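> For reference, this is run.cif, and it has mmCIF, C-alpha atoms and all ligand atoms.
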```cif
data_query
#
loop_
_atom_site.label_atom_id
_atom_site.label_comp_id
_atom_site.auth_asym_id
_atom_site.auth_seq_id
_atom_site.Cartn_x
_atom_site.Cartn_y
_atom_site.Cartn_z
CA MET U 1 8.56 -5.84 14.16
CA SER U 2 9.07 -5.02 17.81
CA ARG U 3 7.80 -7.23 20.60
CA PHE U 4 5.40 -4.40 21.51
CA LEU U 5 3.17 -4.53 18.43
CA HIS U 6 -0.33 -5.78 19.15
CA GLU U 7 -0.46 -9.37 17.96
CA LYS U 8 -3.54 -8.69 15.85
CA TYR U 9 -1.39 -6.53 13.55
CA ALA U 10 1.44 -9.05 13.15
CA PRO U 11 0.01 -10.70 10.00
CA LEU U 12 -1.07 -7.39 8.43
CA GLU U 13 0.43 -6.88 4.99
CA ALA U 14 0.71 -3.14 4.47
CA TYR U 15 -0.19 -1.42 1.22
CA THR U 16 2.74 -0.71 -1.09
CA PRO U 17 2.49 2.76 -2.63
CA GLY U 18 4.02 3.42 -6.03
CA GLU U 19 7.68 4.33 -5.74
CA GLN U 20 8.77 7.98 -5.50
CA PRO U 21 12.51 7.64 -6.20
CA ARG U 22 14.84 10.62 -5.78
CA ASP U 23 18.00 9.16 -7.35
CA ARG U 24 17.48 10.89 -10.71
CA ALA U 25 14.90 12.76 -12.75
CA TYR U 26 12.23 10.41 -14.09
CA ILE U 27 9.25 10.82 -16.32
CA LYS U 28 6.77 9.69 -13.69
CA LEU U 29 4.00 7.58 -15.13
CA ASN U 30 3.62 5.27 -12.14
CA THR U 31 1.25 6.79 -9.57
CA ASN U 32 -1.55 8.37 -11.63
CA GLU U 33 -0.68 11.91 -10.64
CA SER U 34 -1.63 14.74 -12.99
CA PRO U 35 1.19 16.02 -15.21
CA TYR U 36 -0.29 19.52 -14.94
CA PRO U 37 0.02 21.94 -12.01
CA PRO U 38 -3.03 22.90 -9.94
CA ALA U 39 -5.23 25.78 -11.18
CA PRO U 40 -3.68 29.27 -11.16
CA GLU U 41 -6.27 30.27 -8.53
CA VAL U 42 -4.93 27.48 -6.31
CA LEU U 43 -1.33 28.59 -6.84
CA ASP U 44 -2.31 32.12 -5.77
CA ALA U 45 -4.60 31.14 -2.89
CA LEU U 46 -2.09 31.24 -0.05
CA GLY U 47 -0.77 34.50 1.39
CA GLN U 48 1.51 35.46 4.27
CA GLN U 49 -1.50 35.50 6.59
CA ASP U 50 -2.31 31.87 5.83
CA LEU U 51 1.22 30.92 6.79
CA GLU U 52 1.08 32.96 9.98
CA ASP U 53 -2.25 31.32 10.77
CA LEU U 54 -0.54 27.94 10.85
CA ARG U 55 -0.26 28.55 14.60
CA LEU U 56 -4.03 27.88 14.70
CA TYR U 57 -5.73 24.54 14.28
CA SER U 58 -7.69 23.94 11.12
CA ASP U 59 -11.50 24.03 11.21
CA PRO U 60 -12.33 20.46 12.28
CA GLU U 61 -15.71 20.82 10.50
CA GLY U 62 -14.13 22.14 7.30
CA LYS U 63 -17.35 24.09 6.88
CA ALA U 64 -16.32 26.53 4.15
CA LEU U 65 -14.96 23.80 1.89
CA LYS U 66 -17.94 21.54 2.53
CA GLU U 67 -20.31 24.32 1.48
CA LYS U 68 -18.37 24.87 -1.74
CA LEU U 69 -18.29 21.18 -2.64
CA ALA U 70 -21.98 20.87 -1.76
CA TRP U 71 -22.74 23.72 -4.14
CA TYR U 72 -20.66 22.11 -6.90
CA TYR U 73 -22.24 18.67 -6.52
CA GLY U 74 -25.79 19.86 -5.84
CA CYS U 75 -26.19 18.74 -2.22
CA GLN U 76 -25.90 20.18 1.30
CA GLY U 77 -22.82 20.62 3.48
CA GLU U 78 -24.15 17.85 5.73
CA ASN U 79 -23.82 15.45 2.77
CA VAL U 80 -20.06 16.05 2.50
CA PHE U 81 -17.23 14.43 4.45
CA LEU U 82 -13.65 15.72 4.16
CA SER U 83 -10.52 13.71 4.68
CA ASN U 84 -6.77 13.51 4.36
CA GLY U 85 -6.80 11.99 0.88
CA SER U 86 -9.54 9.57 -0.06
CA ASP U 87 -7.61 6.64 1.45
CA ASP U 88 -8.59 8.20 4.77
CA ILE U 89 -12.28 7.76 3.88
CA LEU U 90 -11.79 4.16 2.78
CA ASN U 91 -10.17 3.53 6.15
CA PHE U 92 -13.12 5.03 8.03
CA ALA U 93 -15.65 3.23 5.82
CA PHE U 94 -14.17 -0.24 6.50
CA MET U 95 -14.00 0.69 10.19
CA ALA U 96 -17.59 1.95 10.28
CA PHE U 97 -19.57 -0.24 7.91
CA GLY U 98 -17.79 -3.60 7.80
CA ALA U 99 -19.64 -5.37 10.66
CA GLN U 100 -21.07 -8.00 8.28
CA GLY U 101 -17.90 -8.24 6.22
CA ALA U 102 -16.96 -6.69 2.90
CA VAL U 103 -16.90 -7.60 -0.74
CA PHE U 104 -15.04 -5.99 -3.63
CA PRO U 105 -13.97 -6.93 -7.15
CA SER U 106 -10.56 -8.37 -7.90
CA PRO U 107 -8.29 -7.15 -9.32
CA SER U 108 -9.04 -3.69 -8.01
CA TYR U 109 -7.42 -1.13 -5.75
CA SER U 110 -5.00 -3.18 -3.65
CA PHE U 111 -5.64 -1.05 -0.56
CA TYR U 112 -9.16 -2.53 -0.03
CA PRO U 113 -7.96 -5.87 1.39
CA VAL U 114 -5.46 -4.03 3.59
CA PHE U 115 -8.20 -1.91 5.19
CA ALA U 116 -10.32 -5.03 5.63
CA GLN U 117 -7.47 -6.82 7.39
CA LEU U 118 -6.62 -3.75 9.47
CA HIS U 119 -10.15 -3.57 10.87
CA GLY U 120 -10.69 -7.31 11.17
CA VAL U 121 -13.37 -7.23 8.46
CA PRO U 122 -13.77 -10.63 6.77
CA TYR U 123 -13.91 -10.13 3.02
CA ARG U 124 -14.41 -11.96 -0.22
CA THR U 125 -13.63 -10.83 -3.74
CA VAL U 126 -15.73 -10.99 -6.90
CA PRO U 127 -13.37 -11.78 -9.80
CA LEU U 128 -13.53 -9.58 -12.87
CA ARG U 129 -14.53 -11.42 -16.03
CA GLU U 130 -11.86 -12.65 -18.42
CA ASP U 131 -12.00 -9.36 -20.34
CA PHE U 132 -11.70 -7.42 -17.06
CA THR U 133 -15.31 -6.22 -17.12
CA LEU U 134 -17.13 -6.02 -13.82
CA ASP U 135 -19.37 -8.86 -12.67
CA VAL U 136 -22.21 -6.53 -11.74
CA GLU U 137 -24.55 -9.36 -10.62
CA GLY U 138 -21.79 -10.65 -8.36
CA LEU U 139 -21.86 -7.34 -6.49
CA CYS U 140 -25.64 -7.34 -6.01
CA HIS U 141 -27.36 -8.73 -2.87
CA THR U 142 -23.99 -9.16 -1.14
CA GLY U 143 -25.27 -8.82 2.42
CA CYS U 144 -22.20 -6.84 3.47
CA LEU U 145 -20.23 -3.64 2.80
CA THR U 146 -19.75 -3.48 -0.97
CA VAL U 147 -16.83 -1.51 -2.37
CA LEU U 148 -16.05 -0.84 -5.99
CA ALA U 149 -13.87 1.57 -7.89
CA ASN U 150 -15.54 3.18 -10.89
CA PRO U 151 -13.57 3.46 -13.13
CA ASN U 152 -11.75 0.44 -11.78
CA ALA U 153 -8.03 0.41 -11.05
CA PRO U 154 -5.78 -0.85 -12.49
CA THR U 155 -7.91 -1.74 -15.52
CA GLY U 156 -9.44 1.71 -16.20
CA LEU U 157 -12.77 0.18 -17.20
CA ALA U 158 -15.95 1.95 -16.08
CA VAL U 159 -19.56 0.88 -15.67
CA GLY U 160 -22.58 3.13 -16.28
CA LEU U 161 -24.93 4.63 -13.75
CA GLU U 162 -27.52 1.94 -14.33
CA ALA U 163 -25.14 -0.79 -13.17
CA ILE U 164 -24.17 1.24 -10.10
CA GLU U 165 -27.80 1.92 -9.26
CA GLY U 166 -28.59 -1.78 -9.61
CA ILE U 167 -25.86 -2.67 -7.10
CA VAL U 168 -26.94 0.05 -4.66
CA ALA U 169 -30.66 -0.81 -4.93
CA SER U 170 -29.99 -4.53 -4.41
CA ASN U 171 -28.14 -3.93 -1.14
CA PRO U 172 -30.51 -1.58 0.74
CA ASP U 173 -29.32 -2.71 4.17
CA GLN U 174 -25.61 -2.41 3.43
CA VAL U 175 -23.37 0.47 2.47
CA VAL U 176 -22.22 0.52 -1.13
CA LEU U 177 -19.06 2.58 -1.51
CA VAL U 178 -18.28 3.78 -5.01
CA ASP U 179 -14.68 4.94 -5.23
CA GLU U 180 -14.65 7.59 -7.95
CA ALA U 181 -10.97 8.54 -7.75
CA TYR U 182 -10.79 8.54 -11.58
CA ILE U 183 -14.34 9.60 -12.44
CA ASP U 184 -13.41 12.86 -14.18
CA PHE U 185 -11.62 11.13 -17.05
CA GLY U 186 -14.73 9.90 -18.85
CA GLY U 187 -16.84 8.03 -16.27
CA GLU U 188 -20.36 8.73 -15.10
CA SER U 189 -20.55 9.83 -11.47
CA ALA U 190 -23.08 8.33 -9.07
CA ALA U 191 -23.12 11.57 -7.01
CA GLU U 192 -26.71 12.39 -7.97
CA LEU U 193 -27.92 9.05 -6.58
CA ILE U 194 -27.10 10.01 -2.99
CA HIS U 195 -30.44 11.85 -2.83
CA ARG U 196 -32.33 8.61 -3.47
CA TYR U 197 -30.24 5.97 -1.70
CA GLN U 198 -29.36 6.22 1.98
CA ASN U 199 -26.77 3.43 1.61
CA LEU U 200 -24.62 5.02 -1.11
CA LEU U 201 -21.27 6.61 -0.34
CA VAL U 202 -19.48 8.24 -3.27
CA VAL U 203 -15.79 8.84 -2.64
CA MET U 204 -13.72 11.34 -4.62
CA THR U 205 -10.24 12.82 -4.46
CA TYR U 206 -8.29 15.95 -5.32
CA SER U 207 -5.29 13.76 -6.16
CA LYS U 208 -5.96 13.04 -9.83
CA SER U 209 -8.02 15.40 -12.00
CA ARG U 210 -7.49 18.35 -9.64
CA SER U 211 -3.68 17.94 -9.66
CA MET U 212 -3.38 18.08 -5.87
CA ALA U 213 -2.10 14.66 -4.76
CA GLY U 214 0.44 16.29 -2.44
CA ALA U 215 -2.23 18.35 -0.65
CA ARG U 216 -3.91 15.12 0.55
CA LEU U 217 -7.57 15.94 0.18
CA GLY U 218 -10.45 13.57 -0.39
CA PHE U 219 -14.18 13.85 0.13
CA ALA U 220 -17.25 11.67 0.28
CA LEU U 221 -20.83 12.45 -0.67
CA GLY U 222 -23.71 10.61 0.95
CA ASP U 223 -26.81 10.65 3.06
CA ARG U 224 -26.41 12.91 6.12
CA GLU U 225 -26.63 9.94 8.51
CA LEU U 226 -23.82 8.11 6.71
CA ILE U 227 -21.71 11.26 6.78
CA ALA U 228 -22.46 11.68 10.49
CA ASP U 229 -21.15 8.14 11.10
CA LEU U 230 -17.90 8.98 9.33
CA GLU U 231 -17.64 12.24 11.30
CA LYS U 232 -18.03 10.29 14.55
CA LEU U 233 -15.06 8.10 13.68
CA LYS U 234 -13.02 11.03 12.44
CA PHE U 235 -13.67 12.95 15.66
CA SER U 236 -12.62 9.84 17.56
CA THR U 237 -9.39 9.55 15.58
CA ASN U 238 -8.03 12.87 14.32
CA PRO U 239 -10.47 15.82 14.28
CA TYR U 240 -7.98 17.99 12.36
CA ASN U 241 -7.34 15.46 9.63
CA VAL U 242 -7.31 18.15 6.92
CA ASN U 243 -4.78 20.91 7.49
CA ARG U 244 -5.47 24.66 7.15
CA LEU U 245 -3.53 25.16 3.94
CA THR U 246 -5.24 22.26 2.22
CA LEU U 247 -8.71 23.50 3.24
CA THR U 248 -7.93 26.87 1.63
CA LEU U 249 -6.42 25.32 -1.49
CA GLY U 250 -9.32 22.90 -1.81
CA ALA U 251 -11.85 25.75 -1.78
CA ALA U 252 -9.86 27.68 -4.40
CA ALA U 253 -9.89 24.60 -6.62
CA VAL U 254 -13.70 24.45 -6.53
CA ASP U 255 -13.82 28.08 -7.69
CA ALA U 256 -11.47 27.10 -10.52
CA ALA U 257 -13.48 24.02 -11.55
CA PRO U 258 -13.41 24.78 -15.32
CA TYR U 259 -9.62 24.50 -15.19
CA PHE U 260 -9.61 20.90 -13.97
CA VAL U 261 -12.39 19.91 -16.36
CA GLU U 262 -10.29 21.29 -19.23
CA ASN U 263 -7.19 19.45 -17.96
CA ALA U 264 -9.10 16.20 -17.76
CA LYS U 265 -10.09 16.69 -21.41
CA ARG U 266 -6.46 17.24 -22.39
CA ILE U 267 -5.48 14.06 -20.56
CA MET U 268 -8.28 12.13 -22.28
CA ALA U 269 -7.07 13.38 -25.67
CA THR U 270 -3.49 12.34 -24.86
CA ARG U 271 -4.83 8.98 -23.68
CA ALA U 272 -6.53 8.42 -27.04
CA ARG U 273 -3.36 9.31 -28.97
CA THR U 274 -1.18 7.13 -26.73
CA ALA U 275 -3.63 4.23 -27.05
CA ALA U 276 -3.57 4.48 -30.86
CA ALA U 277 0.24 4.48 -30.91
CA LEU U 278 0.47 1.54 -28.49
CA GLN U 279 -1.99 -0.41 -30.57
CA MET U 280 0.28 0.04 -33.59
CA LEU U 281 3.10 -1.44 -31.49
CA GLY U 282 1.05 -4.56 -30.73
CA PHE U 283 -0.13 -3.68 -27.24
CA THR U 284 -3.59 -4.57 -26.00
CA PHE U 285 -5.49 -2.84 -23.19
CA PRO U 286 -9.00 -2.35 -21.88
CA ASP U 287 -10.91 0.80 -22.91
CA SER U 288 -9.74 3.16 -20.18
CA LYS U 289 -11.92 5.87 -18.68
CA ALA U 290 -9.14 6.80 -16.25
CA ASN U 291 -5.87 8.72 -16.47
CA PHE U 292 -3.92 5.54 -17.13
CA LEU U 293 -3.75 2.59 -19.52
CA PHE U 294 -3.41 -1.01 -18.41
CA ILE U 295 -1.22 -2.45 -21.12
CA ARG U 296 0.08 -5.81 -22.23
CA ARG U 297 2.32 -6.89 -25.10
CA GLU U 298 2.62 -10.49 -26.21
CA GLY U 299 6.20 -11.68 -25.60
CA LEU U 300 7.10 -8.81 -23.29
CA PRO U 301 6.75 -9.59 -19.57
CA GLY U 302 5.48 -6.66 -17.49
CA ALA U 303 8.46 -6.81 -15.14
CA LEU U 304 10.89 -6.54 -18.07
CA LEU U 305 9.17 -3.52 -19.61
CA TYR U 306 9.03 -1.86 -16.19
CA ARG U 307 12.75 -2.43 -15.53
CA LYS U 308 13.95 -1.41 -18.99
CA LEU U 309 11.88 1.75 -18.96
CA LYS U 310 13.15 2.63 -15.49
CA ASP U 311 16.74 2.27 -16.74
CA ARG U 312 15.79 4.75 -19.43
CA GLY U 313 14.29 7.23 -16.98
CA VAL U 314 10.61 6.41 -17.43
CA LEU U 315 8.69 5.02 -14.44
CA ILE U 316 5.59 2.92 -14.95
CA ARG U 317 3.84 0.54 -12.55
CA HIS U 318 4.21 -3.20 -12.35
CA PHE U 319 2.26 -5.14 -9.73
CA SER U 320 3.49 -8.01 -7.59
CA ASP U 321 0.16 -9.88 -8.01
CA PRO U 322 1.07 -12.90 -10.23
CA ALA U 323 -2.30 -12.55 -12.04
CA LEU U 324 -1.09 -9.17 -13.31
CA ALA U 325 2.46 -10.22 -14.21
CA ASP U 326 1.97 -9.61 -17.95
CA TYR U 327 0.63 -6.09 -17.43
CA ASN U 328 1.82 -2.60 -16.70
CA ARG U 329 -0.17 0.43 -15.66
CA VAL U 330 0.93 3.59 -17.39
CA THR U 331 -0.26 7.00 -16.21
CA ILE U 332 -1.11 9.48 -18.94
CA GLY U 333 1.39 12.36 -18.76
CA THR U 334 1.82 15.36 -21.05
CA GLU U 335 1.97 14.91 -24.83
CA GLU U 336 5.76 15.32 -24.62
CA GLU U 337 6.14 12.78 -21.84
CA MET U 338 4.05 10.23 -23.72
CA GLY U 339 6.17 10.91 -26.80
CA VAL U 340 9.31 9.96 -24.88
CA PHE U 341 7.56 6.95 -23.35
CA LEU U 342 6.52 5.67 -26.79
CA GLN U 343 9.98 6.25 -28.22
CA GLU U 344 11.57 4.24 -25.40
CA VAL U 345 8.97 1.48 -25.71
CA ARG U 346 9.74 1.24 -29.42
CA ALA U 347 13.47 0.98 -28.66
CA ILE U 348 12.86 -1.77 -26.09
CA LEU U 349 10.68 -3.73 -28.50
CA GLU U 350 13.48 -3.51 -31.06
CA GLU U 351 16.05 -4.65 -28.50
CA GLU U 352 13.85 -7.64 -27.71
CA GLY U 353 13.41 -8.49 -31.37
CA LEU U 354 9.69 -7.73 -31.17
CA TYR U 355 9.59 -4.78 -33.55
CA GLU U 356 11.38 -3.76 -36.70
CA THR U 357 11.65 -0.20 -37.89
CA GLY U 358 10.56 0.33 -41.46
N1 LIG E 401 -8.92 4.97 -4.85
C1 LIG E 401 -8.24 4.52 -5.90
C2 LIG E 401 -8.91 3.57 -6.84
C3 LIG E 401 -6.92 4.93 -6.13
O1 LIG E 401 -6.23 4.48 -7.17
C4 LIG E 401 -6.33 5.85 -5.22
C5 LIG E 401 -4.92 6.34 -5.47
N2 LIG E 401 -3.92 5.52 -5.01
C6 LIG E 401 -7.07 6.25 -4.12
C7 LIG E 401 -8.37 5.81 -3.97
C8 LIG E 401 -6.51 7.13 -3.05
O2 LIG E 401 -6.11 8.37 -3.45
P1 LIG E 401 -5.88 9.55 -2.44
O3 LIG E 401 -5.70 8.99 -1.06
O4 LIG E 401 -4.66 10.23 -2.95
O5 LIG E 401 -7.11 10.41 -2.52
#
```
What does this structure look like when you write it as C-alpha cells?

Amino acid sequence: MSRFLHEKYAPLEAYTPGEQPRDRAYIKLNTNESPYPPAPEVLDALGQQDLEDLRLYSDPEGKALKEKLAWYYGCQGENVFLSNGSDDILNFAFMAFGAQGAVFPSPSYSFYPVFAQLHGVPYRTVPLREDFTLDVEGLCHTGCLTVLANPNAPTGLAVGLEAIEGIVASNPDQVVLVDEAYIDFGGESAAELIHRYQNLLVVMTYSKSRSMAGARLGFALGDRELIADLEKLKFSTNPYNVNRLTLTLGAAAVDAAPYFVENAKRIMATRARTAAALQMLGFTFPDSKANFLFIRREGLPGALLYRKLKDRGVLIRHFSDPALADYNRVTIGTEEEMGVFLQEVRAILEEEGLYETG
C-alpha cells in the first residue's frame, strides 16, 4: 500500500478470484466457467469491419443488445441494464441502493461483503440453516438492500419463485437484488416479477450458461426507474463499460439462445452423473441447481483434496473461510473431464486409505 491511498480503503479486503494458473495444462473445475465454446453464431459474429470499427467508441446505451434481451425476457429495453460482467452491476447496486445498509445470506458469494465495504455500506448476514437451505424469513422485512444469489453459491441450492416473491413483497421500500448467475442450470428465474415489483432487480450474466466469461457481459432486469438509477451511476463512472466486440457477440448469443439452453441441459445431465458417482465414493453435497457441486467427504479435508487434485492437474476450488474448510466447489466440466476428475478422486481416496478397489 502506498502512502497515497485514501485511508478509507486501507482496511478493504479485496475479493480473491479463482486462480487462473498458466504453469501447465489443467482440467479447470474451479471458476464455474462453461466447458463448451460459445454458440457457432457467436464464433462467426465478428468480421474485419468490427475490428476496424474498434477505432470507434461502443454505444454507451447498448441499445441493440438491450432490445434483443428485452425481447428474450419479455420486457422493454428500458428495463435492461448492461454491464462489464455482472460483478459490475453488483458494484453499482451497492453504490446506489445501500443507503440503509445491506443484508445477504452467509455463506454466499464472497464478493457481496467486499462491495459493501467498498461503498461504506454497513451490512449484516443471515446465516444459512445447518443443511445450507436459505432462511427465507430472515431475508424478509430487512429494512435495507437485500441481496441473494439464486441458486446460491457456493452451495448450489435454489429457492422457488414463491420464496423470492415473499422476500420482494416484504421489502417494498428497499431494493431486493436476486443474483441469477446460475439460474439456467435448473432454477426458476424471477425475471417475470419485475413487472409487478418496482423494487426487484434481477441480475444475470453471460459468463456461465452462455459460455462467455471472457467477454465480460452481465445484465440486469428491473423497473425502468431502477434501471435509470444504475444508468446514472454508470454514466458517472464509465459510460463505455461494455466494449464494441462484446456488444456484438452478446446480441449474436441471444439469436442463438437454443444453443445455450441445450448446453445447460448437457451440463445438468453431467452434474447428475457426477453426483451419483461421488455419492458412491462417500461424498455428500446439497442438491445443486448450478453448474457446480459443493462436496464434502468425511475424513478428507477440503484443502487436502484441492492440493492433491492440483498436483494431478485438476483444479477445484477451496475457500479460505474456516466454516467451509471441509468443502470443495467443483465446476461441472465435460463428461470426459468429470471422468478424469472422478478417477483422480478415487486414486486420492485410496492413497488416504479411505477407499478400497474391489
Ligand atoms: N454472482 C455470482 C453468484 C457468481 O458466482 C459470479 C461469478 N464469480 C458472479 C456473480 C459474477 O460473474 P460475472 O462478473 O462473470 O458476470
> Under the rule that all atoms listed in the file are counted, which of U:Met1, U:Ala325, U:Ala169, U:Leu69 is the nearest residue to U:Ala256?
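Nearest to U:Ala256: U:Leu69.
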> Could you give me, as number ranges by chain, every polymer residue with an atom at most 8 Å away from an atom of ligand LIG 401 (chain E), counting only C-alpha atoms and all ligand atoms?
U: 17, 31-32, 84-88, 90, 108-109, 149-154, 179-182, 204-208, 213-214, 216-218
> Record the distance separating atom CA of U:Pro38 and atom CA of U:Asp53, expressed in Å with one decimal.
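That distance, rounded to one decimal, is 22.4 Å.
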> Separation of atom CA of U:Phe285 and atom CA of U:Leu305, in Å?
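Between these atoms lies a distance of 15.1 Å.
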> Which one of U:Tyr26, U:Phe219, U:Phe104, U:Phe235 sits closest to U:Arg312 if you count all atoms listed in the file?
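Ranked by minimum distance to U:Arg312, first place goes to U:Tyr26.
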> Give me, please, the distance in Å between atom CA of U:Pro37 and atom CA of U:Gly333, quoted to one decimal.
11.8 Å
> From the list U:Asp321, U:Leu278, U:Glu335, U:Ser211, which residue is nearest U:Pro40 when using all atoms listed in the file?
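Among the listed residues, U:Ser211 lies closest to U:Pro40.
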> Which of these residues is nearest to U:Asn241, using all atoms listed in the file: U:Leu300, U:Gly166, U:Leu29, U:Glu61?
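Under the stated criterion, the closest residue is U:Glu61.
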> I'd like to know which of U:Arg346, U:Arg266, U:Met338, U:Gly18 is closest to U:Asn30, using only C-alpha atoms.
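Residue with the minimum atom-to-atom distance to U:Asn30: U:Gly18.
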> Where's the centre, and what are the edge lengths in Å to one decimal, of a box along x, y and z enclosing all listed atoms of stretch 281-297 of chain U padded 8 Å per side, as JSON?

```
{"center_x": -4.4, "center_y": 0.9, "center_z": -23.9, "size_x": 31.0, "size_y": 31.6, "size_z": 31.2}
```
> Counting only C-alpha atoms, which residue out of U:Arg210, U:Arg244, U:Arg224, U:His141 sits closest to U:Asn291?
U:Arg210
> Would you mind listing what lies within 10 Å of stretch 78-82 of chain U as number ranges by chain, with only C-alpha atoms counted and same-chain residues fewer than 2 positions away left out?
U: 60-63, 65-70, 73-76, 84-86, 88-89, 194-195, 201-205, 217-231, 234, 241-242, 247
> List the neighbours of U:Met268 out to 8 Å using all atoms listed in the file; skip same-chain residues closer than 2 positions along the sequence, and give me the result as number ranges by chain.
U: 185-186, 264-266, 270-272, 291
> Around the point (-26.6, -3.6, 0.3) in the file's coordinates, collect all residues with an atom within 10 Å, using all atoms listed in the file, and return them as a list of chain:residue names.
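These residues have at least one counted atom within 10 Å: U:Leu139, U:Cys140, U:His141, U:Thr142, U:Gly143, U:Cys144, U:Leu145, U:Thr146, U:Ile167, U:Val168, U:Ala169, U:Ser170, U:Asn171, U:Pro172, U:Asp173, U:Gln174, U:Val175, U:Val176, U:Leu177, U:Asn199, U:Leu200.
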> Write out as a PyMOL selection string the residues lying within 7 Å of U:Ala116, counting only C-alpha atoms and excluding same-chain residues fewer than 6 positions away.
chain U and resi 94+122-123
> Take the selection from the previous step and output its residues with C-alpha atoms, as a PDB file, in the frame of the given file.

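Written output follows (part.pdb):
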```pdb
ATOM      1  CA  PHE U  94     -14.170  -0.240   6.500  1.00  0.00           C
ATOM      2  CA  PRO U 122     -13.770 -10.630   6.770  1.00  0.00           C
ATOM      3  CA  TYR U 123     -13.910 -10.130   3.020  1.00  0.00           C
TER       4      TYR U 123
END
```
